[in-house]
Amino acid sequence: MSHVSRVLQPASPSGSHRMPGRRGLPLIGQTLALMRDPIGYLSSGYAEYGEVFWSDAYGVRMVHLLGPDANQLVLQNRQQVFSNAEGWDFFIGRFFTRGIMLLDFEEHRWHRQIMQAAFTKKALASYLDGMNPGIARGLAGWRPDNRFTILDHVKSLTLDLATEVFVGAKLGPEADALNEAFVLTVRAGTAIVRHPVPGLLWHKGLRARRLLERFFLERLPAKRARPGSDLFSQLCLAEGEDGQRFSDADIVNHMIFLLMAAHDTTTITLCSLLYQLARHPEWQERARAESLALGRRDLAFEDLEKLPAIGLCMKEALRLIAPVPSMPRRTLKDMEFKGIHIPARSLVSMTPLFAHHMAEHWDLPERFDPARFLEPRLEHKRHPYQYVPFGGGAHMCIGLHFAEMQVKAIVHQLLQRYRWSVAPGYDMPVDFSSLPVPADKL
């Protein structure tokens with residue numbers, strides 16, 4: 001049984017309340033509980049303490065800020081209380097050094113302004129044209145049988161697409177090694193032993209990071225000399241308003257982070273979406289009818305708004321399993337939220353996954369119900385920050401439109417090739433030890 005303490009040091013100033021919290025087991029605290037069942041763990045804490053409490057986890061004291069009001073406070077960050085960079089650095093800074101998500105304030109704005117050119121409508125349309133043949137090739141190689149796993153096949157497909165579109169190259173024998181490197185760097189972020197002990201996850205993540213660095217550094221001179229239309233080339237060419245360009249290190253850091261984000265989070269979304277379409281054949285058939293009505297295998301950019309069923313199902317899949325279930329920050333100064341004092345230098349966690357399952361804000365939140373996003377219900381509009389799968393504010397996911405486009409393009413072709421289902425009574429187990437993936441690979 002967890003030992004519960006009601007004191008967070010330093011003591012709160014007069015007029016605000018001390019923060020309640022949970023210590024848990026020696027050394028590991030509440031880490032295992034958070035990994036096993038984050039919604040259940042946070043729900044019990046919310047019921048006992050409300051929107052603010054702390055847990056000892058991952059070797060530190062972490063403050064949970066729960067619910068839409070907390071999401072709004074953190075994502076708007078109007079007083080610049082929260083450091084995105086220092087929050088994420090604790091988990092993934094060693095593996096995704098200075099990626100766009102690990103920068104703050106003016107530096108973040110400068111990098112984002114340069115990178116935005118790679119995500120314009122014109123650029124996205126070009127990426128879609130490049131993806132369509134790759135999707136067709138990838139799906140043509142699928143051989144469904146009793147051992148077919150969606151996670152492995154989708155992850156391989158999205159990595160191939162990301163490297164073709166973002167790097168401008170088709171992967172050869174290095175594909176498996178790259179895929180494994182991304183898996184290890186993501187998983188290492190939530191390692192319990194956070195030191196490079198040979199054979200353990202942190203050490204494996206650092207080795208994987210070095211492999212990814214070599215992959216991009218070897219290709220960088222050619223990209224600078226003969227740029228193409230891919231994202232890698234765009235980062236080599238991009239200039240800020242003052243004429244400054246990215247250094248080699250900047251480009252490598254951004255490419256590693258973006259390539260991870262472009263295939264890892266999309267893989268999670270696709271696994272969740274395909275699972276729900278398998279469980280709900282009426283939605284699968286509705287989506288299929290829209291795809292067939294287009295009359296062509298490949299999705300054109302102007303077709304994106306003609307597939308509303310896929311869009312609704314994707315929104316609901318993102319609600320049920322947020323690909324980034326929690327978003328850490330570090331407080332830069334003392335603050336107060338809901339009458340609770342939060343000291344400077346606190347590691348805080350804002351949790352979209354929890355907000356997406358709150359019965360106060362969603363009707364039957366555990367139920368797959370894409371119609372909740374339609375008139376007259378519009379449940380996601382009850383609070384402007386209750387539905388935040390892509391974050392918000394200055395750090396809103398830069399690739400959110402790319403993600404929606406890629407998911408629609410893949411599912412559009414998949415619907416034309418296959419019907420799929422799961423066995424009666426099957427519930428997809430989810431592994432939350434890092435980013436949420438099907439524990440049985442679906």
# chains A, B, ... in the order shown; residues from 1 in each chain; ligands from 1
call {"tool": "residues_around", "arguments": {"residues": "region 417-424 of chain A", "least_positions_apart": "4", "cutoff": "7 Å", "atoms": "only C-alpha atoms", "output": "ChimeraX atom specification"}}
result
/A:278-279,413
call {"tool": "write_last_selection", "arguments": {"atoms": "N, CA, C and O atoms", "output": "compact mmCIF listing (two decimals), in the first residue's frame"}}
result
# COMPACT_ATOMS: atom_id res chain seq x y z
N ALA A 278 -12.11 -2.17 -36.92
CA ALA A 278 -12.36 -3.61 -36.88
C ALA A 278 -13.51 -3.94 -35.93
O ALA A 278 -14.34 -4.80 -36.21
N ARG A 279 -13.56 -3.25 -34.80
CA ARG A 279 -14.61 -3.50 -33.81
C ARG A 279 -15.96 -2.90 -34.21
O ARG A 279 -17.00 -3.32 -33.70
N GLN A 413 -6.39 3.82 -49.05
CA GLN A 413 -5.95 2.68 -49.88
C GLN A 413 -6.26 1.35 -49.21
O GLN A 413 -6.63 0.38 -49.87
call {"tool": "residues_around", "arguments": {"residues": "Phe215 (chain A)", "least_positions_apart": "3", "cutoff": "10 Å", "atoms": "only C-alpha atoms", "output": "mmCIF file with C-alpha atoms, in the first residue's frame"}}
result
data_model
loop_
_atom_site.group_PDB
_atom_site.id
_atom_site.type_symbol
_atom_site.label_atom_id
_atom_site.label_comp_id
_atom_site.auth_asym_id
_atom_site.auth_seq_id
_atom_site.Cartn_x
_atom_site.Cartn_y
_atom_site.Cartn_z
ATOM 1 C CA GLU A 174 19.409 -0.231 -42.788
ATOM 2 C CA LEU A 178 16.701 2.491 -38.007
ATOM 3 C CA ARG A 209 20.905 7.925 -30.845
ATOM 4 C CA ARG A 210 24.471 7.677 -32.167
ATOM 5 C CA LEU A 211 23.288 5.417 -35.010
ATOM 6 C CA LEU A 212 20.649 7.981 -36.020
ATOM 7 C CA GLU A 218 26.586 10.843 -43.715
ATOM 8 C CA ARG A 219 23.872 12.259 -45.985
ATOM 9 C CA LEU A 220 24.172 15.917 -45.019
ATOM 10 C CA VAL A 252 20.541 16.533 -37.609
ATOM 11 C CA ILE A 256 15.931 12.821 -35.866
#
call {"tool": "atom_distance", "arguments": {"atom1": "CA of Ala181 (chain A)", "atom2": "CA of Lys155 (chain A)"}}
result
12.7 Å
call {"tool": "select_by_dssp", "arguments": {"residues": "region 48-85 of chain A", "states": "helix (DSSP H, G or I)", "output": "list in words"}}
result
Glu48, Tyr49, Pro68, Asp69, Ala70, Asn71, Gln72, Leu73, Val74, Leu75, Gln76, Asn84 and Ala85 of chain A
call {"tool": "atom_distance", "arguments": {"atom1": "CA of Leu159 (chain A)", "atom2": "CA of Glu404 (chain A)"}}
result
15.9 Å
call {"tool": "residues_around", "arguments": {"residues": "region 133-139 of chain A", "least_positions_apart": "5", "cutoff": "8 Å", "atoms": "only C-alpha atoms", "output": "ChimeraX atom specification"}}
result
/A:157,160-161,298,409-410,413-414
call {"tool": "closest_residue", "arguments": {"among": "A:Asn253, A:Ser346, A:Thr158, A:Ser247", "to": "Leu270 (chain A)", "atoms": "only C-alpha atoms"}}
result
A:Thr158
